[in-house]
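Coordinates from input.cif are shown below (mmCIF, C-alpha atoms and all ligand atoms).
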data_start
loop_
_atom_site.label_atom_id
_atom_site.label_comp_id
_atom_site.auth_asym_id
_atom_site.auth_seq_id
_atom_site.Cartn_x
_atom_site.Cartn_y
_atom_site.Cartn_z
CA MET A 5 -214.30 -31.03 123.85
CA ASN A 6 -217.80 -31.89 125.01
CA ILE A 7 -218.56 -35.15 123.26
CA GLY A 8 -221.82 -37.10 123.11
CA ILE A 9 -221.71 -40.78 122.15
CA SER A 10 -224.93 -42.49 121.11
CA CYS A 11 -224.78 -46.27 120.81
CA TYR A 12 -226.44 -49.63 121.43
CA PRO A 13 -225.79 -50.84 124.98
CA THR A 14 -225.89 -54.54 124.10
CA LEU A 15 -223.10 -57.05 123.83
CA GLY A 16 -221.78 -56.29 120.35
CA GLY A 17 -218.73 -54.78 118.70
CA SER A 18 -220.28 -51.37 118.03
CA GLY A 19 -221.30 -50.86 121.68
CA VAL A 20 -217.90 -52.11 122.85
CA LEU A 21 -216.05 -49.81 120.49
CA ALA A 22 -218.22 -46.79 121.33
CA THR A 23 -217.76 -47.34 125.07
CA GLU A 24 -213.99 -47.91 124.85
CA LEU A 25 -213.71 -44.77 122.71
CA GLY A 26 -215.68 -42.84 125.32
CA LYS A 27 -213.43 -44.07 128.13
CA ALA A 28 -210.27 -43.20 126.19
CA LEU A 29 -211.55 -39.70 125.33
CA ALA A 30 -212.53 -39.14 128.97
CA SER A 31 -209.07 -40.17 130.16
CA ARG A 32 -207.66 -37.52 127.82
CA GLY A 33 -209.71 -34.84 129.59
CA HIS A 34 -212.72 -34.54 127.26
CA LYS A 35 -216.18 -34.43 128.84
CA VAL A 36 -217.97 -37.49 127.52
CA HIS A 37 -221.74 -38.06 127.59
CA ILE A 38 -222.92 -41.54 126.69
CA ILE A 39 -226.55 -41.72 125.59
CA SER A 40 -228.14 -45.14 125.33
CA ASP A 41 -231.13 -47.29 126.35
CA ALA A 42 -229.15 -48.80 129.23
CA ILE A 43 -225.63 -48.53 130.64
CA PRO A 44 -223.36 -50.18 128.05
CA PHE A 45 -222.00 -53.37 129.63
CA ARG A 46 -218.40 -52.19 129.33
CA LEU A 47 -219.26 -49.30 131.71
CA LEU A 48 -221.05 -51.40 134.32
CA GLY A 49 -219.51 -51.17 137.77
CA GLU A 50 -216.94 -48.59 136.68
CA PHE A 51 -216.55 -44.94 137.63
CA HIS A 52 -214.91 -42.48 135.22
CA GLU A 53 -214.46 -38.88 136.27
CA ASN A 54 -215.30 -37.40 132.87
CA ILE A 55 -218.09 -39.73 131.79
CA MET A 56 -221.75 -39.11 132.35
CA PHE A 57 -224.39 -41.63 131.31
CA HIS A 58 -227.81 -40.50 130.06
CA GLU A 59 -230.52 -43.13 129.85
CA VAL A 60 -233.18 -42.91 127.16
CA ASP A 61 -236.64 -43.34 128.72
CA VAL A 62 -239.03 -44.61 126.12
CA ALA A 63 -242.50 -43.12 126.51
CA ASN A 64 -245.11 -45.89 126.52
CA TYR A 65 -248.72 -44.80 126.55
CA ALA A 66 -251.69 -47.07 125.86
CA LEU A 67 -252.28 -44.97 122.75
CA PHE A 68 -249.11 -46.27 121.07
CA LYS A 69 -249.11 -49.65 119.36
CA ASN A 70 -245.31 -49.53 119.56
CA PRO A 71 -243.40 -47.26 121.96
CA PRO A 72 -241.80 -44.45 119.88
CA HIS A 73 -238.19 -45.28 120.78
CA GLU A 74 -236.61 -43.08 118.10
CA LEU A 75 -238.54 -39.99 119.25
CA SER A 76 -237.50 -40.59 122.85
CA LEU A 77 -233.88 -41.02 121.76
CA ALA A 78 -233.96 -37.81 119.68
CA THR A 79 -235.51 -35.91 122.60
CA LYS A 80 -232.81 -37.17 124.97
CA LEU A 81 -230.07 -36.27 122.47
CA ALA A 82 -231.51 -32.75 122.11
CA GLU A 83 -231.59 -32.43 125.91
CA VAL A 84 -227.92 -33.45 126.18
CA ILE A 85 -226.86 -31.23 123.24
CA GLU A 86 -228.22 -28.24 125.16
CA TYR A 87 -227.32 -29.20 128.72
CA ALA A 88 -223.76 -30.34 127.99
CA GLU A 89 -223.12 -27.80 125.20
CA LEU A 90 -221.92 -30.60 122.97
CA ASP A 91 -219.31 -29.88 120.32
CA ILE A 92 -219.62 -33.36 118.86
CA LEU A 93 -222.36 -35.97 118.81
CA HIS A 94 -220.88 -39.28 117.66
CA SER A 95 -223.51 -41.79 116.49
CA HIS A 96 -222.62 -45.45 116.24
CA TYR A 97 -224.89 -46.89 113.55
CA ALA A 98 -226.83 -44.89 111.00
CA ILE A 99 -230.14 -46.34 112.19
CA PRO A 100 -231.45 -45.05 114.45
CA HIS A 101 -228.57 -43.08 115.99
CA ALA A 102 -227.50 -40.84 113.07
CA VAL A 103 -231.06 -40.09 112.05
CA CYS A 104 -232.04 -39.26 115.65
CA ALA A 105 -228.91 -37.09 115.99
CA TYR A 106 -230.06 -35.07 112.96
CA LEU A 107 -233.52 -34.66 114.45
CA ALA A 108 -232.01 -33.58 117.78
CA LYS A 109 -229.78 -31.03 116.08
CA GLU A 110 -232.80 -29.59 114.26
CA MET A 111 -234.50 -29.28 117.67
CA ARG A 112 -231.56 -27.18 118.90
CA PRO A 113 -230.87 -24.79 115.99
CA GLU A 114 -228.77 -22.53 118.23
CA SER A 115 -226.31 -25.37 119.01
CA ARG A 116 -222.85 -25.66 117.44
CA VAL A 117 -222.88 -29.48 117.61
CA LYS A 118 -221.41 -31.49 114.72
CA ILE A 119 -222.67 -34.97 113.96
CA ILE A 120 -220.17 -37.76 113.33
CA THR A 121 -221.55 -41.14 112.24
CA THR A 122 -219.64 -44.39 112.37
CA LEU A 123 -220.96 -47.23 110.22
CA HIS A 124 -220.32 -50.60 111.83
CA GLY A 125 -221.53 -53.03 109.23
CA THR A 126 -224.95 -54.50 109.59
CA ASP A 127 -226.54 -51.11 108.91
CA ILE A 128 -225.03 -51.36 105.42
CA THR A 129 -224.62 -55.07 104.75
CA VAL A 130 -227.95 -56.25 106.17
CA LEU A 131 -230.39 -53.40 106.87
CA ALA A 132 -229.69 -51.56 103.62
CA GLN A 133 -231.06 -54.56 101.69
CA ASP A 134 -234.49 -53.28 102.78
CA ARG A 135 -235.58 -50.54 100.36
CA SER A 136 -237.38 -48.37 102.94
CA LEU A 137 -234.52 -48.56 105.43
CA ARG A 138 -232.00 -47.88 102.67
CA ASP A 139 -233.48 -44.43 102.06
CA MET A 140 -233.36 -43.70 105.78
CA ILE A 141 -229.72 -44.87 106.05
CA ARG A 142 -228.78 -42.65 103.10
CA PHE A 143 -230.51 -39.75 104.84
CA GLY A 144 -228.58 -40.42 108.07
CA ILE A 145 -225.29 -40.52 106.17
CA GLU A 146 -225.95 -37.36 104.17
CA LYS A 147 -227.10 -35.34 107.16
CA SER A 148 -223.94 -36.18 109.14
CA ASP A 149 -221.08 -33.69 109.17
CA LEU A 150 -218.57 -36.52 108.88
CA VAL A 151 -218.96 -40.25 108.30
CA THR A 152 -216.54 -43.06 109.11
CA ALA A 153 -216.67 -46.81 108.50
CA VAL A 154 -214.65 -49.46 110.29
CA SER A 155 -212.90 -51.04 107.28
CA ASP A 156 -212.01 -50.37 103.64
CA SER A 157 -214.41 -53.15 102.71
CA LEU A 158 -217.27 -51.32 104.44
CA VAL A 159 -216.26 -47.98 102.88
CA LYS A 160 -216.38 -49.64 99.45
CA GLN A 161 -219.75 -51.29 100.05
CA THR A 162 -221.23 -48.05 101.36
CA GLU A 163 -219.96 -46.11 98.37
CA GLU A 164 -221.25 -48.69 95.91
CA LEU A 165 -224.67 -48.83 97.52
CA PHE A 166 -225.28 -45.17 98.32
CA ARG A 167 -222.93 -43.15 96.10
CA PRO A 168 -222.84 -40.56 98.93
CA ARG A 169 -221.87 -36.97 98.19
CA CYS A 170 -219.56 -36.83 101.22
CA PRO A 171 -216.43 -38.99 101.62
CA ILE A 172 -216.65 -42.02 103.91
CA ARG A 173 -213.43 -42.17 105.94
CA ARG A 174 -212.03 -45.44 107.15
CA VAL A 175 -211.13 -45.56 110.84
CA TYR A 176 -210.29 -49.07 111.99
CA ASN A 177 -211.54 -50.46 115.27
CA PHE A 178 -209.00 -50.80 118.05
CA VAL A 179 -208.19 -52.60 121.27
CA ASP A 180 -206.29 -51.53 124.34
CA PRO A 181 -203.21 -53.78 124.17
CA ASN A 182 -202.73 -53.44 127.95
CA THR A 183 -206.14 -55.02 128.60
CA TYR A 184 -206.00 -57.45 125.71
CA ARG A 185 -202.76 -59.37 126.22
CA ARG A 186 -201.81 -62.93 126.98
CA ILE A 187 -202.61 -63.58 130.64
CA ASP A 188 -201.30 -66.52 132.64
CA VAL A 189 -204.33 -68.84 132.93
CA LYS A 190 -202.67 -72.21 133.61
CA GLN A 191 -204.96 -72.99 136.58
CA MET A 192 -208.09 -71.97 134.70
CA ARG A 193 -207.06 -74.08 131.71
CA ASN A 194 -207.43 -77.25 133.80
CA CYS A 195 -211.15 -76.49 134.19
CA PHE A 196 -211.68 -76.67 130.45
CA ALA A 197 -209.19 -79.09 128.89
CA LYS A 198 -206.81 -81.92 129.63
CA PRO A 199 -203.11 -81.08 129.21
CA GLU A 200 -202.91 -82.92 125.88
CA GLN A 201 -205.97 -81.17 124.42
CA LYS A 202 -205.89 -77.99 122.33
CA ILE A 203 -208.51 -75.28 122.84
CA LEU A 204 -210.52 -73.71 119.99
CA LEU A 205 -212.62 -70.66 120.84
CA HIS A 206 -215.50 -68.83 119.19
CA ALA A 207 -217.30 -65.77 120.59
CA SER A 208 -220.26 -64.00 118.99
CA ASN A 209 -223.92 -63.07 119.33
CA PHE A 210 -224.92 -66.33 117.58
CA ARG A 211 -226.75 -64.59 114.75
CA ALA A 212 -227.08 -66.51 111.47
CA VAL A 213 -224.38 -64.34 109.81
CA LYS A 214 -221.82 -65.71 112.30
CA ARG A 215 -222.27 -69.27 110.92
CA VAL A 216 -221.70 -70.89 114.30
CA LEU A 217 -222.77 -74.22 112.77
CA ASP A 218 -219.62 -73.97 110.62
CA VAL A 219 -217.60 -73.53 113.81
CA VAL A 220 -218.94 -76.90 114.98
CA GLU A 221 -218.26 -78.48 111.55
CA VAL A 222 -214.66 -77.24 111.65
CA PHE A 223 -214.21 -78.44 115.21
CA ASP A 224 -215.68 -81.86 114.42
CA ARG A 225 -213.07 -82.38 111.68
CA VAL A 226 -210.23 -81.02 113.84
CA GLN A 227 -210.97 -83.17 116.88
CA GLN A 228 -210.79 -86.34 114.74
CA THR A 229 -207.06 -85.63 114.26
CA VAL A 230 -206.05 -83.38 117.16
CA PRO A 231 -207.34 -83.99 120.73
CA SER A 232 -209.19 -80.74 121.42
CA VAL A 233 -212.11 -78.92 123.00
CA LEU A 234 -214.29 -76.10 121.68
CA LEU A 235 -215.36 -73.19 123.88
CA LEU A 236 -218.40 -71.24 122.66
CA VAL A 237 -218.87 -67.81 124.23
CA GLY A 238 -222.06 -65.74 123.81
CA GLU A 239 -225.67 -66.47 123.01
CA GLY A 240 -228.25 -65.53 120.41
CA PRO A 241 -230.83 -66.78 117.92
CA GLU A 242 -228.84 -69.77 116.58
CA LEU A 243 -227.90 -71.18 120.00
CA ALA A 244 -230.59 -73.89 120.08
CA LYS A 245 -229.60 -75.13 116.60
CA VAL A 246 -225.94 -75.23 117.62
CA ARG A 247 -226.74 -77.24 120.77
CA GLN A 248 -228.75 -79.66 118.61
CA ILE A 249 -225.96 -80.24 116.08
CA VAL A 250 -223.42 -80.72 118.89
CA LYS A 251 -225.73 -83.40 120.32
CA GLU A 252 -226.28 -85.09 116.95
CA LYS A 253 -222.53 -85.26 116.40
CA HIS A 254 -221.99 -86.65 119.94
CA LEU A 255 -219.59 -83.82 120.73
CA GLU A 256 -221.20 -82.79 124.05
CA SER A 257 -218.21 -83.74 126.20
CA ASN A 258 -215.81 -81.65 124.11
CA VAL A 259 -217.94 -78.57 123.36
CA LYS A 260 -218.55 -76.19 126.25
CA PHE A 261 -221.19 -73.46 126.08
CA LEU A 262 -220.05 -70.59 128.32
CA GLY A 263 -222.84 -68.07 127.60
CA LYS A 264 -222.14 -64.35 127.96
CA GLN A 265 -218.79 -63.60 129.58
CA ASP A 266 -217.02 -60.49 130.80
CA GLU A 267 -213.44 -61.57 131.40
CA VAL A 268 -212.79 -62.14 127.74
CA ALA A 269 -209.02 -61.49 127.80
CA LYS A 270 -208.68 -64.50 130.12
CA LEU A 271 -210.78 -66.66 127.80
CA TYR A 272 -208.74 -65.62 124.75
CA SER A 273 -205.59 -66.44 126.71
CA LEU A 274 -206.84 -70.01 127.12
CA ALA A 275 -207.21 -70.52 123.41
CA ASP A 276 -204.88 -72.03 120.83
CA LEU A 277 -207.09 -70.89 117.94
CA PHE A 278 -209.96 -68.46 117.44
CA VAL A 279 -212.58 -69.49 114.85
CA LEU A 280 -214.56 -66.84 112.91
CA PRO A 281 -216.27 -68.27 109.79
CA SER A 282 -218.78 -65.38 109.36
CA GLU A 283 -220.81 -64.81 106.24
CA LYS A 284 -220.66 -61.05 106.76
CA GLU A 285 -218.24 -59.19 109.00
CA SER A 286 -217.40 -55.55 108.43
CA PHE A 287 -214.37 -55.78 110.72
CA GLY A 288 -214.38 -58.62 113.28
CA LEU A 289 -213.48 -56.95 116.56
CA VAL A 290 -213.40 -60.34 118.30
CA ALA A 291 -210.66 -61.51 115.92
CA LEU A 292 -208.64 -58.42 116.80
CA GLU A 293 -209.11 -59.04 120.53
CA ALA A 294 -207.98 -62.65 120.09
CA MET A 295 -204.92 -61.56 118.10
CA ALA A 296 -203.97 -59.05 120.80
CA CYS A 297 -203.87 -62.04 123.17
CA GLY A 298 -201.59 -63.91 120.77
CA VAL A 299 -204.25 -66.21 119.32
CA PRO A 300 -204.13 -67.07 115.58
CA VAL A 301 -207.45 -66.93 113.72
CA ILE A 302 -209.08 -69.45 111.38
CA GLY A 303 -212.01 -68.05 109.49
CA SER A 304 -213.67 -66.77 106.36
CA ASP A 305 -212.38 -64.06 104.07
CA ALA A 306 -215.67 -62.14 104.32
CA GLY A 307 -215.89 -58.32 104.41
CA GLY A 308 -213.20 -56.65 106.50
CA ILE A 309 -211.75 -59.82 108.08
CA PRO A 310 -208.75 -59.92 105.66
CA GLU A 311 -207.86 -56.35 106.70
CA VAL A 312 -207.56 -57.55 110.29
CA VAL A 313 -206.22 -61.10 109.93
CA GLU A 314 -203.29 -61.41 107.51
CA HIS A 315 -203.72 -64.76 105.76
CA GLY A 316 -200.68 -67.00 106.15
CA LYS A 317 -199.12 -64.77 108.82
CA CYS A 318 -201.45 -64.74 111.82
CA GLY A 319 -204.25 -66.97 110.59
CA TYR A 320 -205.79 -68.73 107.63
CA LEU A 321 -208.84 -67.39 105.77
CA TYR A 322 -210.96 -69.28 103.24
CA PRO A 323 -214.19 -68.65 101.30
CA VAL A 324 -217.36 -68.57 103.40
CA GLY A 325 -218.59 -72.12 104.06
CA ASP A 326 -215.33 -73.91 103.14
CA VAL A 327 -215.23 -75.79 106.45
CA GLN A 328 -212.93 -78.51 105.07
CA SER A 329 -210.13 -76.02 104.26
CA MET A 330 -210.70 -74.23 107.59
CA ALA A 331 -210.29 -77.53 109.41
CA GLU A 332 -207.15 -78.41 107.42
CA GLY A 333 -205.65 -74.97 108.19
CA ALA A 334 -206.49 -75.40 111.87
CA ILE A 335 -204.94 -78.88 112.02
CA GLN A 336 -201.77 -77.66 110.31
CA LEU A 337 -201.37 -74.89 112.91
CA LEU A 338 -202.24 -77.06 115.89
CA LEU A 339 -199.77 -79.79 114.93
CA ASP A 340 -196.84 -77.49 114.22
CA ASP A 341 -195.74 -75.75 117.45
CA HIS A 342 -193.10 -73.68 115.68
CA LEU A 343 -195.56 -72.37 113.07
CA HIS A 344 -198.18 -71.74 115.76
CA ALA A 345 -195.73 -69.74 117.87
CA SER A 346 -194.71 -67.57 114.90
CA PHE A 347 -198.40 -66.88 114.05
CA ALA A 348 -199.10 -65.99 117.70
CA VAL A 349 -196.22 -63.51 117.85
CA TYR A 350 -197.17 -61.94 114.53
CA ALA A 351 -200.82 -61.62 115.61
CA ARG A 352 -199.86 -59.51 118.64
CA LYS A 353 -197.36 -57.49 116.58
CA ARG A 354 -199.99 -56.70 113.94
CA VAL A 355 -202.30 -55.33 116.62
CA LEU A 356 -199.53 -53.17 118.07
CA ASP A 357 -198.53 -51.91 114.60
CA ARG A 358 -201.98 -51.03 113.29
CA PHE A 359 -204.86 -51.26 115.70
CA THR A 360 -203.94 -49.63 118.99
CA LEU A 361 -206.28 -47.49 121.03
CA GLU A 362 -203.67 -44.72 121.19
CA ASP A 363 -203.39 -44.26 117.39
CA LEU A 364 -207.06 -44.68 116.53
CA VAL A 365 -208.35 -42.41 119.28
CA ASN A 366 -205.89 -39.81 117.94
CA GLU A 367 -207.52 -40.29 114.56
CA TYR A 368 -211.04 -39.77 115.97
CA GLU A 369 -209.86 -36.62 117.78
CA ARG A 370 -208.39 -35.33 114.52
CA LEU A 371 -211.67 -35.96 112.69
CA TYR A 372 -213.70 -34.28 115.46
CA GLN A 373 -211.51 -31.20 115.07
CA LEU A 374 -211.94 -31.32 111.29
CA ALA A 375 -215.74 -31.38 111.72
CA ILE A 376 -215.62 -28.50 114.21
CA ASP A 377 -213.45 -26.49 111.81
CA GLY A 378 -216.00 -27.23 109.07
CA LYS A 379 -213.54 -29.02 106.76
O1 LIG B 401 -221.45 -58.57 114.53
C1 LIG B 401 -222.49 -58.31 115.08
O2 LIG B 401 -223.46 -59.01 114.94
C2 LIG B 401 -222.59 -57.11 115.99
C3 LIG B 401 -222.27 -55.83 115.27
C4 LIG B 401 -222.50 -54.71 116.26
O3 LIG B 401 -223.51 -54.07 116.19
O4 LIG B 401 -221.68 -54.48 117.10
O5 LIG B 401 -220.92 -55.86 114.84
C5 LIG B 401 -220.54 -55.02 113.78
O6 LIG B 401 -219.71 -53.98 114.31
C6 LIG B 401 -218.48 -54.44 114.90
C7 LIG B 401 -217.74 -53.22 115.44
O7 LIG B 401 -217.40 -52.34 114.43
C8 LIG B 401 -217.64 -55.19 113.84
O8 LIG B 401 -216.44 -55.67 114.44
C9 LIG B 401 -218.45 -56.37 113.29
O9 LIG B 401 -217.69 -56.97 112.24
C10 LIG B 401 -219.78 -55.87 112.74
N1 LIG B 401 -220.60 -57.02 112.39
C11 LIG B 401 -220.93 -57.31 111.13
O10 LIG B 401 -220.54 -56.67 110.18
C12 LIG B 401 -221.77 -58.53 110.94
#

How does the structure come out when it is put into structure tokens?
Amino acid sequence: MNIGISCYPTLGGSGVLATELGKALASRGHKVHIISDAIPFRLLGEFHENIMFHEVDVANYALFKNPPHELSLATKLAEVIEYAELDILHSHYAIPHAVCAYLAKEMRPESRVKIITTLHGTDITVLAQDRSLRDMIRFGIEKSDLVTAVSDSLVKQTEELFRPRCPIRRVYNFVDPNTYRRIDVKQMRNCFAKPEQKILLHASNFRAVKRVLDVVEVFDRVQQTVPSVLLLVGEGPELAKVRQIVKEKHLESNVKFLGKQDEVAKLYSLADLFVLPSEKESFGLVALEAMACGVPVIGSDAGGIPEVVEHGKCGYLYPVGDVQSMAEGAIQLLLDDHLHASFAVYARKRVLDRFTLEDLVNEYERLYQLAIDGK
């Protein structure tokens, strides 16, 4: 098939998923066209025979108060629909990608292209709270030929909010278990922790919904009982506040800010626990990546997290904000090597049983075919 993928290029689960999907489809022989504002970071420095990247140039004339990004995106999508004779245009996020895909299709009435939209979360759980955007999201969903969401929780929320006429199909996110696996990082570990210290890890875009301050609260309680360090990967709006609280709690020597990182499988392999106390999380791709590397997860039971992390088997989940229980769960796991080892093994097994690239790319291919067949 000729497949277009329209996504955000930034560090974030939806861009990661869209790019990994594109790479997997290309390795299966499909011609993949990725359309975005910049090369998605998971494609940087890589060459793939069947992948072509198309950059959206945003027109910026003095006349415009704001550059019309959505019109430039729609124009680029229309250009690719025609040039590449796309069978499928897969939009990751309803706004703006699904809406622009619809506009592009209207610009190319002779095309056979089908629009698939994947909802990743914040388009529904955050943006849809805004009345004007809600109507636009509904429009994007209804004008798609097929819509997927990344967890049952997100399917349910979308159905409750929009009562769409078309079914929303759940397709879980995935990882490549060959890339995400426990790597031997003994040397690297010495750079971050003393032999007797445990390592807790959190990775996110430091938006308020990630509750990174709760990560610090949990760590503060844990380190009073278990010698440990906290590694914080990523950056974003809450970073300054997090630095401040770390300072106020005199935790500077045990909390390390690593900023944006590429070699995440190595970082996960350093960790004894991954901490994800989010307020909203439609899936939690980072938790899945950690689990693939054999790292148990401590976090909240928000959104789709319980579909990824099985409470009591490969992690412990508690209500949002219950940092005391999260800390107690973490301490229990860190002090019991036998329990920790069984959680680590189960975490990897769960990924292999339910969330592999192989199975979920098969599912996307099946849905593409369904859309092409008009079912
Ligand atoms: O979590 C974010 O802030 C980034 C956002 C994105 O745009 O990538 O993540 C969303 O999509 C990911 C991939 O499907 C999911 O794993 C995240 O749970 C979801 N984030 C939220 O729902 C807050």

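Across the model, the gap from CA of Ser40 in chain A to CA of Cys104 in chain A is 12.0 Å.
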
>> I want to know what sits within 8 Å of range 137-149 of chain A, based on all atoms listed in the file, with residues of the same chain fewer than 5 positions away left out; could you give that as a list in words?
In response: Ala98, Ile99, Ala102, Val103, Tyr106, Lys118, Ile119, Ile120, Thr121, Asp127, Leu131, Ala132, Phe166, Pro168, Arg169, Cys170 and Ala375 of chain A

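Comparing A:Arg354, A:His344, A:Lys160, A:Arg211 by their smallest distance to ligand LIG 401 (chain B), the closest is A:Arg211 (using all atoms listed in the file).
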
>> Taking all atoms listed in the file into account, which residues have an atom no farther than 7 Å from ligand LIG 401 (chain B)? I'd like them as a ChimeraX atom specification.
In response: /A:16-19,21,124-126,129,154,177,209,211,213,284-290

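Across A:Lys202, A:Thr14, A:Leu81, A:Val20, the tightest approach to Ile39 in chain A is made by A:Leu81 when counting all atoms listed in the file.
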
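Compared by their closest atoms to Val117 in chain A, and using all atoms listed in the file, the residues A:Lys260, A:Ile55, A:Ile7, A:Leu48 rank with A:Ile7 nearest.
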
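Near Val355 in chain A, within 10 Å and counting all atoms listed in the file, sit Phe178, Val179, Asp180, Pro181, Leu292, Glu293, Ala294, Met295, Ala296, Cys297, Gly298, Val312, Val313, Tyr350, Ala351, Arg352, Arg358, Phe359, Thr360 and Leu361 of chain A, not including residues fewer than 3 positions from it in the same chain.
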
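Atom pair CA of Leu374 in chain A / CA of Ile9 in chain A: separated by 17.4 Å.
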
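Each of A:Ala212, A:Ala306, A:Pro100, A:Ala197 was compared to Glu74 in chain A using all atoms listed in the file, and A:Pro100 turns out to be the nearest.
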
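Residues in contact with range 217-222 of chain A at up to 6 Å, not including ones fewer than 5 positions away on its chain and judged by all atoms listed in the file, are A:Val246, A:Val327, A:Ala331.
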
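A distance cut-off of 9 Å around (-219.2, -50.2, 129.7), counting all atoms listed in the file, selects these protein and nucleic acid residues: A:Pro13, A:Gly19, A:Val20, A:Thr23, A:Glu24, A:Lys27, A:Ile43, A:Pro44, A:Phe45, A:Arg46, A:Leu47, A:Leu48, A:Gly49, A:Glu50.
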
> In Å, how far is it from CA of Leu205 in chain A to CA of His315 in chain A?
Replying inline: 18.5 Å

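Each of A:Val62, A:Met5, A:Leu356, A:Leu90 was checked against Gln373 in chain A using all atoms listed in the file; the smallest atom-to-atom distance is that of A:Met5.
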
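Residue nearest Ser115 in chain A within the list A:Val259, A:Leu93, A:Glu252, A:Val349: A:Leu93 [criterion: smallest interatomic distance, all atoms listed in the file].
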
> Neighbours of range 265-270 of chain A within 7 Å (all atoms listed in the file; same-chain residues fewer than 3 positions away dropped), as a PyMOL selection string?
Replying inline: chain A and resi 184-185+187+189+237-238+273-274+297

Around range 94-102 of chain A, with edges along x, y and z and 8 Å added on all six sides, what centre and edge lengths do you get, in Å to one decimal, as JSON?
{"center_x": -226.2, "center_y": -43.1, "center_z": 114.3, "size_x": 26.6, "size_y": 23.6, "size_z": 22.7}

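Residues in contact range of Val60 in chain A, defined as at most 9 Å between all atoms listed in the file, with sequence neighbours fewer than 4 positions away removed, read Ile39, Ser40, Asp41, Ala42, His73, Ser76, Leu77, Thr79, Lys80 and Leu81 of chain A.
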